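Below is the file final.txt, which contains compact mmCIF, C-alpha atoms.
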# COMPACT_ATOMS: atom_id res chain seq x y z
CA MET P 23 0.00 0.00 0.00
CA SER P 24 2.77 2.43 0.85
CA SER P 25 4.24 2.19 -2.62
CA VAL P 26 0.91 3.19 -4.15
CA ALA P 27 0.41 6.09 -1.80
CA ASN P 28 4.02 7.19 -2.04
CA PRO P 29 5.36 6.57 -5.58
CA SER P 30 9.12 6.40 -5.63
CA SER P 31 11.99 5.96 -8.07
CA SER P 32 13.82 3.74 -5.57
CA GLY P 33 12.43 0.51 -7.08
CA LEU P 34 13.54 1.55 -10.55
CA GLU P 35 16.97 2.38 -9.18
CA ARG P 36 17.24 -1.08 -7.56
CA ASP P 37 16.16 -2.77 -10.81
CA ALA P 38 18.71 -0.77 -12.77
CA ARG P 39 21.41 -1.65 -10.25
CA ARG P 40 20.58 -5.35 -10.62
CA MET P 41 21.09 -5.01 -14.36
CA HIS P 42 24.45 -3.37 -13.70
CA ASP P 43 25.32 -6.14 -11.26
CA ASP P 44 24.80 -8.71 -14.00
CA ASP P 45 27.09 -6.73 -16.27
CA LYS P 46 30.54 -5.44 -15.43
CA PRO P 47 30.43 -2.72 -12.76
CA LEU P 48 30.65 0.93 -13.66
CA SER P 49 34.28 2.01 -13.60
CA PRO P 50 35.63 4.87 -11.45
CA GLY P 51 36.42 6.66 -14.71
CA SER P 52 32.75 6.53 -15.72
CA VAL P 53 31.75 7.84 -12.30
CA ALA P 54 34.25 10.69 -12.72
CA ILE P 55 32.84 11.57 -16.15
CA GLY P 56 29.31 11.61 -14.74
CA VAL P 57 30.45 13.87 -11.90
CA VAL P 58 32.17 16.35 -14.24
CA ILE P 59 29.20 16.47 -16.63
CA GLY P 60 26.83 17.11 -13.74
CA ARG P 61 28.94 19.86 -12.20
CA THR P 62 29.57 21.47 -15.60
CA SER P 63 25.85 21.79 -16.24
CA GLU P 64 25.24 23.36 -12.82
CA PHE P 65 28.06 25.87 -13.15
CA PHE P 66 27.05 26.65 -16.73
CA ASP P 67 23.57 27.68 -15.55
CA PHE P 68 25.01 29.91 -12.86
CA PHE P 69 27.69 31.47 -15.03
CA VAL P 70 25.25 32.19 -17.85
CA TYR P 71 23.20 34.12 -15.32
CA GLY P 72 26.31 35.80 -13.90
CA LEU P 73 27.50 37.02 -17.31
CA GLY P 74 23.96 38.09 -18.18
CA SER P 75 23.83 40.14 -14.98
CA ILE P 76 26.65 42.26 -16.43
CA LEU P 77 26.11 42.23 -20.20
CA VAL P 78 22.30 42.25 -20.38
CA PHE P 79 20.24 42.89 -17.27
CA PRO P 80 21.53 46.39 -16.39
CA LYS P 81 20.26 47.67 -19.76
CA LEU P 82 17.28 45.36 -20.29
CA ILE P 83 15.83 45.09 -16.78
CA PHE P 84 17.21 48.16 -14.96
CA PRO P 85 17.27 51.02 -17.51
CA PHE P 86 15.58 53.22 -14.90
CA ALA P 87 18.60 53.10 -12.56
CA GLY P 88 20.04 56.40 -13.74
CA SER P 89 23.64 55.28 -14.33
CA ALA P 90 25.52 52.23 -15.55
CA VAL P 91 27.03 51.69 -12.10
CA ALA P 92 23.66 51.87 -10.34
CA ALA P 93 22.08 49.53 -12.91
CA THR P 94 24.87 46.96 -12.47
CA LEU P 95 24.60 47.17 -8.68
CA MET P 96 20.84 46.58 -8.94
CA SER P 97 21.51 43.60 -11.18
CA PHE P 98 24.06 42.23 -8.69
CA ALA P 99 21.52 42.71 -5.88
CA LEU P 100 19.48 39.86 -7.42
CA PHE P 101 22.57 37.67 -7.81
CA PRO P 102 22.64 36.37 -4.18
CA LEU P 103 19.00 35.21 -4.31
CA ALA P 104 20.05 31.81 -5.68
CA PHE P 105 22.49 31.29 -2.82
CA LEU P 106 19.82 32.23 -0.27
CA ALA P 107 17.36 29.77 -1.85
CA ARG P 108 19.86 26.91 -2.10
CA PRO P 109 19.69 25.75 1.57
CA VAL P 110 15.88 25.80 1.32
CA GLY P 111 16.13 23.60 -1.75
CA SER P 112 18.41 21.20 0.10
CA PHE P 113 15.88 20.91 2.93
CA VAL P 114 12.97 20.19 0.56
CA PHE P 115 14.84 17.85 -1.77
CA MET P 116 16.36 15.85 1.08
CA TRP P 117 12.77 15.06 2.07
CA ILE P 118 11.97 14.09 -1.54
CA ASP P 119 15.09 11.89 -1.59
CA ARG P 120 14.03 10.03 1.56
CA ASN P 121 10.41 9.55 0.45
CA TYR P 122 10.53 9.25 -3.35
CA GLY P 123 14.08 8.22 -4.26
CA ARG P 124 17.17 9.95 -5.57
CA GLY P 125 16.17 9.50 -9.21
CA THR P 126 12.96 11.43 -8.62
CA LYS P 127 14.84 14.11 -6.70
CA LEU P 128 17.46 14.61 -9.42
CA THR P 129 14.89 14.65 -12.22
CA VAL P 130 12.72 17.29 -10.52
CA ALA P 131 15.72 19.39 -9.48
CA LEU P 132 17.41 19.44 -12.88
CA VAL P 133 14.15 20.16 -14.71
CA ILE P 134 13.57 23.14 -12.40
CA LEU P 135 17.21 24.25 -12.76
CA GLY P 136 17.23 24.05 -16.55
CA GLY P 137 13.69 25.41 -16.78
CA SER P 138 14.49 28.43 -14.59
CA THR P 139 17.56 29.27 -16.66
CA ALA P 140 15.82 28.69 -20.00
CA SER P 141 12.82 30.77 -18.89
CA ILE P 142 15.09 33.81 -18.61
CA ALA P 143 15.65 33.46 -22.37
CA PHE P 144 12.02 34.51 -22.92
CA LEU P 145 12.02 37.36 -20.39
CA PRO P 146 10.63 40.67 -21.69
CA GLY P 147 12.47 43.82 -20.73
CA TYR P 148 11.46 46.67 -18.42
CA GLU P 149 10.32 48.74 -21.39
CA THR P 150 7.72 46.05 -22.19
CA ILE P 151 6.31 44.93 -18.82
CA GLY P 152 7.78 47.38 -16.32
CA TYR P 153 8.71 46.18 -12.84
CA TRP P 154 7.28 42.74 -13.61
CA ALA P 155 10.55 42.14 -15.49
CA VAL P 156 12.46 42.62 -12.22
CA ALA P 157 10.05 40.36 -10.33
CA LEU P 158 10.24 37.58 -12.92
CA LEU P 159 14.03 37.71 -13.06
CA ALA P 160 14.15 37.45 -9.26
CA LEU P 161 11.73 34.48 -9.38
CA PHE P 162 13.81 32.62 -11.96
CA ARG P 163 16.99 33.33 -9.98
CA LEU P 164 15.37 31.90 -6.86
CA GLY P 165 14.36 28.88 -8.94
CA GLN P 166 17.98 28.30 -9.94
CA GLY P 167 19.15 28.29 -6.35
CA PHE P 168 16.26 26.20 -5.05
CA ALA P 169 16.89 23.56 -7.73
CA LEU P 170 20.63 23.51 -7.14
CA GLY P 171 19.93 22.49 -3.55
CA GLY P 172 18.29 19.36 -5.00
CA ALA P 173 21.03 18.67 -7.52
CA TRP P 174 23.37 17.44 -4.79
CA ASP P 175 23.78 13.78 -5.69
CA GLY P 176 26.57 12.54 -3.44
CA LEU P 177 28.79 11.64 -6.39
CA ALA P 178 31.69 13.68 -5.06
CA SER P 179 31.42 11.81 -1.75
CA LEU P 180 31.27 8.51 -3.65
CA LEU P 181 34.51 9.35 -5.43
CA SER P 182 36.15 10.36 -2.17
CA LEU P 183 34.99 7.24 -0.34
CA SER P 184 36.26 4.97 -3.12
CA ALA P 185 39.63 6.71 -3.38
CA PRO P 186 42.81 4.99 -2.18
CA GLU P 187 44.20 6.60 0.97
CA ASN P 188 47.10 8.17 -0.91
CA ARG P 189 44.91 9.53 -3.75
CA ARG P 190 42.22 11.40 -1.80
CA GLY P 191 43.35 14.80 -3.09
CA TRP P 192 43.29 13.62 -6.69
CA TYR P 193 39.76 12.24 -6.42
CA ALA P 194 38.55 15.33 -4.52
CA MET P 195 39.58 17.68 -7.33
CA ILE P 196 37.67 15.86 -10.10
CA PRO P 197 34.20 17.34 -9.39
CA GLN P 198 35.73 20.82 -9.23
CA LEU P 199 36.66 20.68 -12.92
CA GLY P 200 33.02 21.42 -13.69
CA ALA P 201 33.50 25.06 -12.64
CA PRO P 202 36.08 26.14 -15.27
CA PHE P 203 34.39 23.97 -17.91
CA GLY P 204 31.00 25.57 -17.22
CA PHE P 205 32.48 29.06 -17.10
CA ALA P 206 34.42 28.57 -20.33
CA LEU P 207 31.33 27.28 -22.15
CA ALA P 208 29.21 30.23 -20.96
CA SER P 209 31.95 32.72 -21.86
CA ILE P 210 32.44 31.22 -25.33
CA LEU P 211 28.73 31.45 -26.10
CA PHE P 212 28.46 35.04 -24.92
CA GLY P 213 31.77 35.94 -26.60
CA TYR P 214 30.51 34.61 -29.92
CA PHE P 215 27.33 36.68 -29.88
CA VAL P 216 29.01 39.83 -28.53
CA SER P 217 31.68 39.59 -31.23
CA ASN P 218 29.35 38.89 -34.16
CA LEU P 219 26.26 41.00 -33.44
CA SER P 220 25.60 44.69 -33.13
CA GLU P 221 24.78 45.88 -29.62
CA ALA P 222 21.14 46.36 -30.63
CA ASP P 223 20.82 42.81 -31.99
CA PHE P 224 22.65 41.35 -29.02
CA LEU P 225 20.31 43.05 -26.55
CA ALA P 226 17.24 42.22 -28.65
CA TRP P 227 17.81 38.49 -29.15
CA GLY P 228 21.45 37.34 -29.18
CA TRP P 229 21.85 37.13 -25.41
CA ARG P 230 18.89 34.75 -25.13
CA TYR P 231 20.60 31.79 -26.82
CA PRO P 232 23.03 30.90 -23.99
CA PHE P 233 20.09 30.78 -21.56
CA PHE P 234 18.05 28.59 -23.88
CA VAL P 235 20.97 26.17 -24.36
CA ALA P 236 20.97 25.52 -20.61
CA PHE P 237 17.90 23.30 -20.75
CA ALA P 238 19.46 20.94 -23.31
CA ILE P 239 22.68 20.75 -21.30
CA ASN P 240 20.71 19.87 -18.16
CA VAL P 241 18.88 17.06 -19.97
CA VAL P 242 22.23 15.53 -20.99
CA ALA P 243 23.53 15.94 -17.43
CA LEU P 244 20.38 14.34 -15.99
CA PHE P 245 20.82 11.14 -17.98
CA ALA P 246 24.55 11.00 -17.19
CA ARG P 247 23.84 11.30 -13.47
CA LEU P 248 20.88 8.91 -13.41
CA ARG P 249 23.16 6.30 -14.96
CA ILE P 250 25.51 6.70 -11.99
CA VAL P 251 22.65 6.56 -9.49
CA ALA P 252 21.71 3.19 -11.00
CA SER P 253 25.26 1.87 -10.79
CA LYS P 254 26.47 -1.00 -8.59
CA GLU P 255 28.95 1.21 -6.72
CA PHE P 256 26.38 3.88 -5.91
CA GLY P 257 23.88 1.28 -4.75
CA ALA P 258 26.46 -0.39 -2.53
CA ALA P 259 27.37 2.95 -0.96
CA MET P 260 23.71 3.73 -0.23
CA GLU P 261 23.12 0.30 1.24
CA ALA P 262 26.13 0.82 3.52
CA GLN P 263 24.39 4.03 4.68
CA GLU P 264 27.22 6.21 3.49
CA LEU P 265 25.17 8.37 1.12
CA GLN P 266 21.69 8.41 2.61
CA ALA P 267 19.71 11.62 3.01
CA ARG P 268 19.19 12.25 6.71
CA PRO P 269 16.88 14.85 8.30
CA ILE P 270 18.79 18.14 8.41
CA PHE P 271 17.93 19.02 12.00
CA GLU P 272 18.94 15.55 13.14
CA MET P 273 22.30 16.03 11.42
CA LEU P 274 22.74 19.47 13.00
CA SER P 275 22.13 18.05 16.46
CA LYS P 276 25.32 15.99 15.97
CA HIS P 277 27.42 18.14 13.65
CA ALA P 278 26.42 21.82 14.02
CA MET P 279 30.00 22.92 14.77
CA ASP P 280 31.31 20.91 11.82
CA VAL P 281 28.82 22.65 9.51
CA VAL P 282 29.95 26.09 10.71
CA LEU P 283 33.65 25.28 10.45
CA GLY P 284 33.13 23.56 7.11
CA ALA P 285 31.44 26.69 5.74
CA PHE P 286 34.44 28.85 6.68
CA VAL P 287 37.27 26.51 5.64
CA PRO P 288 36.90 27.20 1.87
CA LEU P 289 36.03 30.90 2.34
CA ALA P 290 39.25 32.21 0.77
CA SER P 291 38.62 30.17 -2.37
CA PHE P 292 34.92 31.01 -2.56
CA ALA P 293 35.53 34.74 -1.94
CA MET P 294 37.97 34.73 -4.84
CA PHE P 295 35.68 32.64 -7.05
CA HIS P 296 33.48 35.50 -8.33
CA LEU P 297 36.30 38.03 -8.09
CA VAL P 298 38.04 36.38 -11.05
CA THR P 299 34.93 35.28 -12.97
CA ILE P 300 32.06 37.77 -12.61
CA PHE P 301 33.37 40.97 -10.99
CA PRO P 302 36.27 41.70 -13.43
CA LEU P 303 33.93 41.79 -16.43
CA SER P 304 31.72 44.32 -14.68
CA TRP P 305 34.76 46.47 -13.93
CA ILE P 306 35.88 46.32 -17.58
CA MET P 307 32.36 47.25 -18.74
CA LEU P 308 32.28 50.29 -16.46
CA THR P 309 35.87 51.56 -16.58
CA GLY P 310 37.41 50.22 -19.80
CA GLY P 311 40.92 48.93 -20.39
CA GLN P 312 39.93 46.64 -23.27
CA SER P 313 36.83 45.62 -25.19
CA VAL P 314 34.30 43.25 -23.68
CA GLU P 315 34.72 40.67 -26.44
CA GLU P 316 38.51 40.64 -25.97
CA PHE P 317 38.15 40.23 -22.24
CA LEU P 318 35.69 37.35 -22.57
CA TRP P 319 38.28 35.39 -24.55
CA VAL P 320 40.91 36.23 -21.93
CA GLN P 321 38.56 34.74 -19.34
CA VAL P 322 38.24 31.57 -21.43
CA ALA P 323 42.04 31.33 -21.35
CA GLY P 324 41.87 31.94 -17.61
CA ALA P 325 39.47 29.02 -17.25
CA ALA P 326 42.00 26.78 -19.01
CA VAL P 327 44.68 27.92 -16.56
CA GLY P 328 42.20 27.21 -13.76
CA VAL P 329 41.90 23.61 -14.97
CA VAL P 330 45.68 23.25 -14.65
CA GLY P 331 45.53 24.68 -11.13
CA ILE P 332 42.75 22.29 -10.09
CA VAL P 333 44.63 19.24 -11.41
CA LEU P 334 47.81 20.38 -9.64
CA SER P 335 45.85 20.80 -6.41
CA GLY P 336 45.15 17.07 -6.44
CA VAL P 337 48.81 16.22 -6.90
CA ILE P 338 49.95 18.66 -4.19
CA ALA P 339 47.26 17.62 -1.69
CA ASP P 340 48.30 13.98 -1.99
CA ARG P 341 51.89 14.96 -1.19
CA ILE P 342 51.47 17.44 1.66
CA GLY P 343 47.92 16.76 2.88
CA ARG P 344 44.66 18.48 2.01
CA ARG P 345 44.65 20.76 5.04
CA ASN P 346 48.20 21.97 4.41
CA GLN P 347 47.35 22.52 0.76
CA LEU P 348 44.30 24.62 1.68
CA MET P 349 46.39 26.62 4.16
CA ALA P 350 49.02 27.30 1.50
CA GLY P 351 46.29 28.33 -0.95
CA ALA P 352 44.83 30.80 1.54
CA ILE P 353 48.29 32.34 2.02
CA LEU P 354 48.66 32.64 -1.77
CA ILE P 355 45.28 34.42 -1.98
CA ALA P 356 46.36 36.79 0.82
CA ILE P 357 49.54 37.62 -1.10
CA PHE P 358 47.61 38.06 -4.36
CA SER P 359 45.17 40.43 -2.64
CA PHE P 360 47.89 43.10 -2.37
CA SER P 361 48.59 43.20 -6.12
CA ALA P 362 45.11 42.33 -7.46
CA PRO P 363 43.58 45.84 -7.35
CA PHE P 364 46.56 47.42 -9.10
CA LEU P 365 46.62 44.77 -11.84
CA LEU P 366 42.92 45.19 -12.53
CA ASP P 367 43.25 48.96 -12.72
CA SER P 368 46.37 49.13 -14.91
CA GLY P 369 44.97 48.61 -18.41
CA GLY P 370 44.69 45.62 -20.70
CA LYS P 371 47.99 43.86 -19.86
CA GLY P 372 47.44 44.18 -16.13
CA GLN P 373 43.86 42.94 -16.45
CA ASP P 374 45.03 39.91 -18.42
CA ALA P 375 47.63 39.15 -15.74
CA TYR P 376 44.96 39.51 -13.03
CA ILE P 377 42.77 36.91 -14.77
CA LEU P 378 45.50 34.39 -15.56
CA ILE P 379 47.25 34.57 -12.18
CA GLY P 380 43.93 34.74 -10.34
CA PHE P 381 42.51 31.69 -12.09
CA PHE P 382 45.63 29.66 -11.39
CA ILE P 383 45.55 30.47 -7.66
CA LEU P 384 41.80 29.86 -7.62
CA GLY P 385 42.33 26.43 -9.19
CA LEU P 386 44.94 25.49 -6.58
CA THR P 387 42.54 26.36 -3.74
CA PHE P 388 39.15 25.53 -5.23
CA GLY P 389 40.37 22.11 -6.31
CA GLN P 390 40.28 20.84 -2.71
CA SER P 391 37.34 22.83 -1.35
CA SER P 392 34.77 20.04 -1.82
CA GLY P 393 36.79 17.61 0.25
CA ALA P 394 37.20 20.25 2.93
CA VAL P 395 33.50 20.59 3.60
CA SER P 396 32.76 16.87 3.99
CA SER P 397 35.80 15.39 5.72
CA ARG P 398 34.67 16.04 9.31
CA PHE P 399 31.28 14.29 9.12
CA THR P 400 30.65 10.79 10.36
CA GLN P 401 29.75 8.25 7.72
CA TYR P 402 26.06 8.25 8.71
CA TYR P 403 25.59 12.01 8.20
CA ARG P 404 28.16 12.61 5.46
CA TYR P 405 25.72 13.09 2.57
CA THR P 406 23.41 15.56 4.32
CA GLY P 407 26.20 17.34 6.18
CA ALA P 408 28.29 17.90 3.06
CA ALA P 409 25.28 19.24 1.15
CA LEU P 410 24.25 21.81 3.79
CA THR P 411 27.84 22.85 4.48
CA SER P 412 28.44 23.45 0.79
CA ASP P 413 25.26 25.56 0.60
CA LEU P 414 26.36 27.76 3.49
CA ALA P 415 29.94 28.04 2.24
CA TRP P 416 28.75 29.32 -1.14
CA LEU P 417 26.30 31.71 0.53
CA VAL P 418 28.83 33.22 2.93
CA GLY P 419 31.83 33.16 0.62
CA ALA P 420 30.54 33.78 -2.88
CA GLY P 421 26.89 34.80 -2.99
CA PHE P 422 27.37 38.50 -2.24
CA ALA P 423 30.89 38.85 -3.69
CA PRO P 424 30.02 40.68 -6.97
CA LEU P 425 27.70 43.14 -5.20
CA VAL P 426 30.09 43.83 -2.33
CA ALA P 427 33.18 44.07 -4.54
CA LEU P 428 31.58 46.45 -7.05
CA GLY P 429 30.03 48.51 -4.26
CA LEU P 430 33.37 48.87 -2.48
CA ALA P 431 35.33 49.54 -5.69
CA THR P 432 32.95 52.23 -7.01
CA SER P 433 32.40 53.91 -3.64
CA PHE P 434 35.85 53.77 -2.03
CA GLY P 435 38.29 52.65 -4.73
CA ILE P 436 39.44 49.44 -6.37
CA VAL P 437 42.02 48.85 -3.62
CA PHE P 438 39.22 47.71 -1.33
CA ILE P 439 38.71 44.46 -3.23
CA GLY P 440 42.10 43.46 -1.87
CA GLY P 441 40.69 43.87 1.62
CA TYR P 442 37.75 41.66 0.68
CA LEU P 443 40.08 38.91 -0.53
CA ILE P 444 42.37 39.04 2.47
CA SER P 445 39.39 38.83 4.85
CA GLY P 446 38.41 35.55 3.17
CA ALA P 447 41.97 34.26 3.51
CA ILE P 448 42.01 35.13 7.23
CA CYS P 449 38.72 33.25 7.76
CA THR P 450 40.09 30.15 6.03
CA ILE P 451 43.34 30.18 8.00
CA ALA P 452 41.43 30.63 11.28
CA ALA P 453 38.95 27.83 10.46
CA LEU P 454 41.73 25.43 9.45
CA THR P 455 43.68 26.23 12.62
CA LEU P 456 40.59 25.59 14.76
CA THR P 457 39.78 22.29 13.05
CA ARG P 458 43.36 21.14 13.60
CA ALA P 459 43.11 22.04 17.28
CA LEU P 460 39.79 20.20 17.62
CA ASP P 461 41.17 17.11 15.89
CA GLN P 462 44.11 17.03 18.31
CA HIS P 463 41.70 16.99 21.23

Mind converting the file's structure to structure tokens?
Amino acid sequence: MSSVANPSSSGLERDARRMHDDDKPLSPGSVAIGVVIGRTSEFFDFFVYGLGSILVFPKLIFPFAGSAVAATLMSFALFPLAFLARPVGSFVFMWIDRNYGRGTKLTVALVILGGSTASIAFLPGYETIGYWAVALLALFRLGQGFALGGAWDGLASLLSLSAPENRRGWYAMIPQLGAPFGFALASILFGYFVSNLSEADFLAWGWRYPFFVAFAINVVALFARLRIVASKEFGAAMEAQELQARPIFEMLSKHAMDVVLGAFVPLASFAMFHLVTIFPLSWIMLTGGQSVEEFLWVQVAGAAVGVVGIVLSGVIADRIGRRNQLMAGAILIAIFSFSAPFLLDSGGKGQDAYILIGFFILGLTFGQSSGAVSSRFTQYYRYTGAALTSDLAWLVGAGFAPLVALGLATSFGIVFIGGYLISGAICTIAALTLTRALDQH
């Protein structure tokens, strides 16, 4: 009776796993590919929105702002909504996971994620529907964040749990490759349309294509991830209660301090994340130095450098330990914070150096941030704890970064973004020091 009253994808997942059991098991390489595809689709959705919040929304949605700076700040004010909605999504989708199965959860989440992003492609401007344009954009942004809370599939934890003891850093960096891949894809699409269309055509229809593409990418990612969910390895991990969705408040009763510390450990990396991806483009748009289309291609090159940094982070972490690697990365970000404002404000060559150096340092630190947020949880609460900690880390570290950085830079001077970066580095160093002290006791 319960199965009729409470339809679930769990039975389908068990059937699919039995079919896998009869065949050869899914290889770690296939799991890694599924992880990267899934993360790439998520980051693509968010970066398409982030680039649109600079290139499109200030003129299309906020033409009433009075100045380009004010319009961009208004656009960035909507940016954090997704990060505020993400923990709510985790809460709701954890319940769906427990009651209806992970396949159902992922399907609903990725349809909402792709649908929210694709819906922006059809958004009329302020000149057509007035303030309803602002309201609809805010709604779709909330939809992105809410859905991303449900897109947490435990695949990164599965990779980490299956990693040999001396290869934990290497396995931890694999999911992080989705960030530069997603950013590069979004930048290439926008760069193509900015380079080949007049400004009028770009604002009329060209910008809509990257948003529309998001739905197709999410469909591909959904099938790639469902295939992993049906795999023998994933089923074995769930049956061992390593990747089960637990009630969030139950988890917090055991691991509240670990959630707080886990949210602050990657803060240096997450604070820097949007200061080399989203914020620099807004600064170029407002102050010059080089053309937007040129800078978009520089950012694509930066993403490639970021991939190198992420891969190296896995090698380094396996040699010196993940915590030491994160500490070294925070120190590098603190050092970079002193030169970053001057590079960004010194014309085209300095801006290029800011992007390339910044992406490399970001890769070295971001590559190990996923392992940092989940390593302190007991096996029973690992899945839920890692999901909520990641939500809070992104909210605290990255959600408000474009708005705060642009507000500080335009009100008090570009040098203040260095202060923003170094504050993130201090938080990471303090959190790592505290976790080390707690582990020793």

Specify the axis-aligned box that encloses all atoms of region 305-310 of chain P listed in the file after padding of 8 Å on each side, stating its centre and edge lengths in Å to one decimal as AutoDock Vina command-line options.
--center_x 34.8 --center_y 48.9 --center_z -16.9 --size_x 21.1 --size_y 21.2 --size_z 21.9

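Restricting the calculation to all atoms listed in the file, the smallest distance between Val70 (chain P) and any of P:Gly435, P:Gly152, P:Gly213, P:Gly147 is found for P:Gly213.
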
Neighbour list for Asp374 (chain P) as a ChimeraX atom specification, cut-off 9 Å, all atoms listed in the file, skip fewer than 2 positions in-chain: /P:317,320-321,324,365-366,369-372,376-379

Distance in Å - CA of Tyr214 (chain P) versus CA of Glu315 (chain P): 8.2 Å

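CA of Pro363 (chain P) is found 23.1 Å from CA of Leu348 (chain P).
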